[in-house]
Amino acid sequence: MAKRVTMQDISKIVGVSKVTVSKVFNNRDDISEEVRQKVLQVADELGYRYNPGVKTLKTGVTNNIGVIVSELFLERDEYFYINIYKHLYLAAESEQFNIILSVIRNTQISDLELPNICKENKIDAAVILGEFPEEYVKEIIRYQIPVILVDFTIRDLEIDSIVTNNFDASYLATNYLINKGHREIGFVGNIKTTKSIMDRYFGFCKAMYEYDLEINEDYIIRERDDFKNEIEYELGKEIPTAFICNNDKAAFDLIKKLQSQGVNVPEDCSVIGFDDVIHSTFSEPKITTIRVRKEEMAIFAVNRIIKRLKNKNISAEKVIIDADLIERESVGNAPIVNKATKAESNKNKG
C-alpha cells in the first residue's frame, strides 16, 4: 500500500515549515506567491488532496462536489430530496470529498442563470438532484465538469443518470391493491410536473388495463398545478375504494381529507404512498408506500462522479433501480359494500 502523503512530506521537499504549507492550503495571504506556487506544485506532483477551495496547479481539483437542486424540492414538508442529500453528503465524506449545496430559484431556472459554484469554478463535479429542464442541464455541462442526474434522466442527452423504476413500482402497487379486491382505484398526482410522476401514472394504467378495469377520470386528482405548486382540491361525489398517490405527502394530505369527511382509512378507502419519507410513519394510520432506494442512488452518484473524474472519456451510464413495497396500515381489503358515496352523504348530513 502506498504511503499516505502528508504536509510534513511537502514541507521537507519545498524547504519550508509545516505551518507554511498549512497556510497555503488555507489560502492565507501572508505567504509569498513564489512559496505558494512551489508548495502547490509539489503537492500536485505527490497527489496530495487539498483542503476545500484550494486548487491544484495542474488539475484544478478542489475536492468539492456540487449538489444542485430546485427550491421547489426543498419546500416545507418536502423530505425526499433532503434524505437523498444526506446520503450524498455521507457517501462523499467517506471518499474524502466535500459537498456544496446550491439551491436554485425558479427565476434562475427560467433565465438559465447558473449557480455561483459553477461560475466561480468552486466544484470538480455536479450532482443535479431532481428534475431540471434540459436547457438548464446543458448550460451546466458547458463548464466541462462531470455531471450526474439523480432521480431523473434526459433521454437524448449523453449524461450519467440514476432513476427509480417508477413505472414498475407503481404497477406493483396497483397489482397489490387489485389482489386485495379493489376494482375502483384512483390516482393522486399531476403527470405534467415531473417524468417520475408520469411514469408512476402509466404504471398504474398498465395494471388497470391488464385487469380490464376502468380508469375513471373522476378518480384522478391533481394536487399540484403544472408549476409544481400545491393547489386545494375537493373529493368528488363518489370516491374509489383505493388511491395510489404520487408521493407520501400527497397520501398524508389525502388521508386527512378523507377522514375529515367521515371516510375511514383503510376500512372504506385504502391509500398507498410513494418514496417512504417521514409522512408515511407520522400518518395515522401509517402509510403503505413504495420505498425508493435513496441511499443506493446517492452512493452510485458519488462513485460514478469519482470514476469520471479519473477518466472523463468513459461512456455515459443511465441506471434504473427497483423500489420496494412497504406494507403498513393504510391498505386493507376492498369493502364488501362499496361506500364510495360516503363522503358526499356525510356532507349532506352536515
# chains A, B, ... in the order shown; residues from 1 in each chain; ligands from 1
>>> residues_around(residues="Ile84 of chain A", least_positions_apart="4", cutoff="12 Å", atoms="only C-alpha atoms", output="PyMOL selection string")
chain A and resi 67+69+73-74+78-80+88-91+127-130+150-151+275-277+292-302
>>> select_by_dssp(residues="segment 94-320 of chain A", states="helix (DSSP H, G or I)", output="PyMOL selection string")
chain A and resi 94+106-110+116-119+134-141+166-179+195-210+217-219+248-260+279-282+294-310
>>> atom_distance(atom1="atom CA of Val103 of chain A", atom2="atom CA of Ala316 of chain A")
25.4 Å
>>> closest_residue(among="A:Leu235, A:Glu267, A:Thr62, A:Ala92", to="Glu120 of chain A", atoms="only C-alpha atoms")
A:Thr62
>>> closest_residue(among="A:Ala173, A:Ile239, A:Val163, A:Ile287", to="Lys318 of chain A", atoms="only C-alpha atoms")
A:Val163
>>> residues_around(residues="Ile13 of chain A", least_positions_apart="5", cutoff="12 Å", atoms="only C-alpha atoms", output="ChimeraX atom specification")
/A:5-8,18,21,35,38-43,45-46
>>> residues_around(residues="Ile314 of chain A", least_positions_apart="5", cutoff="12 Å", atoms="only C-alpha atoms", output="MDAnalysis selection string")
chainID A and resid 146 158:160 304:309
>>> closest_residue(among="A:Phe187, A:Phe132, A:Phe97, A:Phe282", to="Ser270 of chain A", atoms="only C-alpha atoms")
A:Phe187
>>> atom_distance(atom1="atom CA of Asn247 of chain A", atom2="atom CA of Gly273 of chain A")
5.1 Å
>>> residues_around(residues="Cys118 of chain A", least_positions_apart="5", cutoff="9 Å", atoms="only C-alpha atoms", output="PyMOL selection string")
chain A and resi 66+123+126+140+143
>>> write_last_selection(atoms="C-alpha atoms", output="PDB file, in the first residue's frame")
ATOM      1  CA  GLY A  66     -21.755  20.486  -6.046  1.00  0.00           C
ATOM      2  CA  ILE A 123     -16.517  22.402  -7.757  1.00  0.00           C
ATOM      3  CA  ALA A 126     -22.057  18.362 -10.101  1.00  0.00           C
ATOM      4  CA  ILE A 140     -24.068  23.276 -16.623  1.00  0.00           C
ATOM      5  CA  TYR A 143     -18.418  24.003 -17.805  1.00  0.00           C
TER       6      TYR A 143
END
>>> closest_residue(among="A:Thr153, A:Ile272, A:Tyr211, A:Asn165", to="Asn179 of chain A", atoms="only C-alpha atoms")
A:Tyr211
>>> closest_residue(among="A:Ser110, A:Tyr48, A:Phe152, A:Thr288", to="Leu177 of chain A", atoms="only C-alpha atoms")
A:Thr288
>>> atom_distance(atom1="atom CA of Glu329 of chain A", atom2="atom CA of His182 of chain A")
15.9 Å
>>> closest_residue(among="A:Gly236, A:Ile220, A:Gln108, A:Glu131", to="Tyr81 of chain A", atoms="only C-alpha atoms")
A:Glu131
>>> select_by_dssp(residues="segment 78-205 of chain A", states="strand (DSSP E)", output="ChimeraX atom specification")
/A:98-104,125-129,147-150,160-164,185-188
>>> write_last_selection(atoms="N, CA and C atoms", output="short mmCIF file (atom, residue, chain, number, x, y, z; two decimals), in the first residue's frame")
data_model
loop_
_atom_site.label_atom_id
_atom_site.label_comp_id
_atom_site.auth_asym_id
_atom_site.auth_seq_id
_atom_site.Cartn_x
_atom_site.Cartn_y
_atom_site.Cartn_z
N ASN A 98 -15.97 16.81 -0.44
CA ASN A 98 -16.88 17.74 0.24
C ASN A 98 -18.09 18.02 -0.64
N ILE A 99 -19.20 18.29 0.00
CA ILE A 99 -20.44 18.61 -0.71
C ILE A 99 -20.76 20.09 -0.52
N ILE A 100 -21.07 20.77 -1.62
CA ILE A 100 -21.55 22.15 -1.56
C ILE A 100 -22.96 22.18 -2.16
N LEU A 101 -23.93 22.57 -1.35
CA LEU A 101 -25.31 22.61 -1.80
C LEU A 101 -25.63 23.96 -2.44
N SER A 102 -26.29 23.92 -3.59
CA SER A 102 -26.72 25.14 -4.26
C SER A 102 -28.20 25.02 -4.59
N VAL A 103 -29.02 25.86 -3.95
CA VAL A 103 -30.46 25.83 -4.17
C VAL A 103 -30.82 26.86 -5.24
N ILE A 104 -31.49 26.41 -6.28
CA ILE A 104 -31.76 27.25 -7.44
C ILE A 104 -33.18 27.78 -7.41
N ALA A 125 -17.25 18.61 -9.86
CA ALA A 125 -18.32 17.86 -10.49
C ALA A 125 -19.64 18.32 -9.89
N ALA A 126 -20.74 17.94 -10.56
CA ALA A 126 -22.06 18.36 -10.10
C ALA A 126 -23.04 17.20 -10.10
N VAL A 127 -23.81 17.12 -9.02
CA VAL A 127 -24.96 16.23 -8.95
C VAL A 127 -26.19 17.11 -9.09
N ILE A 128 -26.99 16.88 -10.13
CA ILE A 128 -28.23 17.63 -10.30
C ILE A 128 -29.34 16.78 -9.71
N LEU A 129 -29.92 17.27 -8.64
CA LEU A 129 -30.84 16.49 -7.81
C LEU A 129 -32.27 16.92 -8.09
N VAL A 147 -21.02 15.51 -14.64
CA VAL A 147 -22.36 15.80 -14.15
C VAL A 147 -23.16 14.51 -14.11
N ILE A 148 -23.90 14.29 -13.05
CA ILE A 148 -24.82 13.15 -12.98
C ILE A 148 -26.19 13.64 -12.55
N LEU A 149 -27.22 13.10 -13.18
CA LEU A 149 -28.60 13.42 -12.85
C LEU A 149 -29.13 12.38 -11.87
N VAL A 150 -29.73 12.83 -10.78
CA VAL A 150 -30.27 11.91 -9.78
C VAL A 150 -31.78 12.10 -9.69
N ASP A 160 -24.58 10.83 -17.44
CA ASP A 160 -24.84 9.84 -16.40
C ASP A 160 -26.13 10.18 -15.65
N SER A 161 -26.88 9.15 -15.28
CA SER A 161 -28.10 9.39 -14.51
C SER A 161 -28.48 8.13 -13.75
N ILE A 162 -29.25 8.31 -12.69
CA ILE A 162 -29.81 7.18 -11.95
C ILE A 162 -31.23 7.54 -11.54
N VAL A 163 -32.16 6.64 -11.84
CA VAL A 163 -33.57 6.87 -11.53
C VAL A 163 -34.17 5.60 -10.94
N THR A 164 -35.28 5.79 -10.26
CA THR A 164 -36.07 4.66 -9.77
C THR A 164 -36.94 4.12 -10.91
N ILE A 185 -60.05 2.26 -8.44
CA ILE A 185 -58.80 2.79 -7.90
C ILE A 185 -58.51 4.14 -8.53
N GLY A 186 -58.18 5.10 -7.72
CA GLY A 186 -57.85 6.44 -8.21
C GLY A 186 -56.36 6.71 -8.12
N PHE A 187 -55.95 7.83 -8.69
CA PHE A 187 -54.54 8.25 -8.70
C PHE A 187 -54.46 9.72 -8.31
N VAL A 188 -53.54 10.04 -7.41
CA VAL A 188 -53.33 11.43 -6.99
C VAL A 188 -51.98 11.90 -7.50
#
>>> residues_around(residues="His279 of chain A", least_positions_apart="6", cutoff="9 Å", atoms="only C-alpha atoms", output="number ranges by chain")
A: 77, 79, 248-249, 251-252, 286-287
>>> decode(residues="segment 13-34 of chain A", atoms="N, CA and C atoms", output="compact mmCIF listing (two decimals), in the first residue's frame")
# COMPACT_ATOMS: atom_id res chain seq x y z
N ILE A 13 10.31 18.77 1.17
CA ILE A 13 10.75 18.92 -0.22
C ILE A 13 10.88 20.39 -0.60
N VAL A 14 9.91 21.21 -0.17
CA VAL A 14 9.93 22.63 -0.52
C VAL A 14 10.97 23.39 0.31
N GLY A 15 11.22 22.89 1.52
CA GLY A 15 12.17 23.57 2.39
C GLY A 15 11.55 24.66 3.21
N VAL A 16 10.27 24.47 3.56
CA VAL A 16 9.57 25.43 4.42
C VAL A 16 8.96 24.66 5.58
N SER A 17 8.41 25.37 6.54
CA SER A 17 7.82 24.71 7.70
C SER A 17 6.45 24.12 7.35
N LYS A 18 6.02 23.18 8.18
CA LYS A 18 4.70 22.58 8.01
C LYS A 18 3.61 23.64 8.18
N VAL A 19 3.87 24.63 9.06
CA VAL A 19 2.92 25.72 9.27
C VAL A 19 2.72 26.51 7.99
N THR A 20 3.82 26.75 7.26
CA THR A 20 3.73 27.48 5.99
C THR A 20 2.89 26.72 4.98
N VAL A 21 3.10 25.41 4.91
CA VAL A 21 2.32 24.58 3.99
C VAL A 21 0.83 24.66 4.36
N SER A 22 0.57 24.61 5.64
CA SER A 22 -0.82 24.70 6.10
C SER A 22 -1.45 26.03 5.71
N LYS A 23 -0.67 27.11 5.81
CA LYS A 23 -1.19 28.43 5.44
C LYS A 23 -1.54 28.49 3.96
N VAL A 24 -0.71 27.84 3.13
CA VAL A 24 -1.00 27.80 1.69
C VAL A 24 -2.35 27.12 1.44
N PHE A 25 -2.54 25.98 2.13
CA PHE A 25 -3.76 25.20 1.91
C PHE A 25 -5.00 25.87 2.51
N ASN A 26 -4.79 26.86 3.34
CA ASN A 26 -5.91 27.60 3.93
C ASN A 26 -6.06 28.99 3.32
N ASN A 27 -5.36 29.20 2.18
CA ASN A 27 -5.49 30.45 1.42
C ASN A 27 -5.10 31.70 2.22
N ARG A 28 -4.14 31.55 3.12
CA ARG A 28 -3.66 32.70 3.89
C ARG A 28 -2.90 33.65 2.96
N ASP A 29 -3.09 34.95 3.17
CA ASP A 29 -2.45 35.93 2.28
C ASP A 29 -1.10 36.43 2.78
N ASP A 30 -0.58 35.82 3.88
CA ASP A 30 0.73 36.23 4.38
C ASP A 30 1.84 35.31 3.88
N ILE A 31 1.58 34.62 2.76
CA ILE A 31 2.57 33.75 2.12
C ILE A 31 2.90 34.32 0.76
N SER A 32 4.19 34.38 0.42
CA SER A 32 4.58 34.93 -0.87
C SER A 32 4.07 34.04 -2.00
N GLU A 33 3.85 34.64 -3.17
CA GLU A 33 3.34 33.89 -4.31
C GLU A 33 4.34 32.84 -4.76
N GLU A 34 5.63 33.12 -4.62
CA GLU A 34 6.66 32.15 -5.01
C GLU A 34 6.58 30.89 -4.16
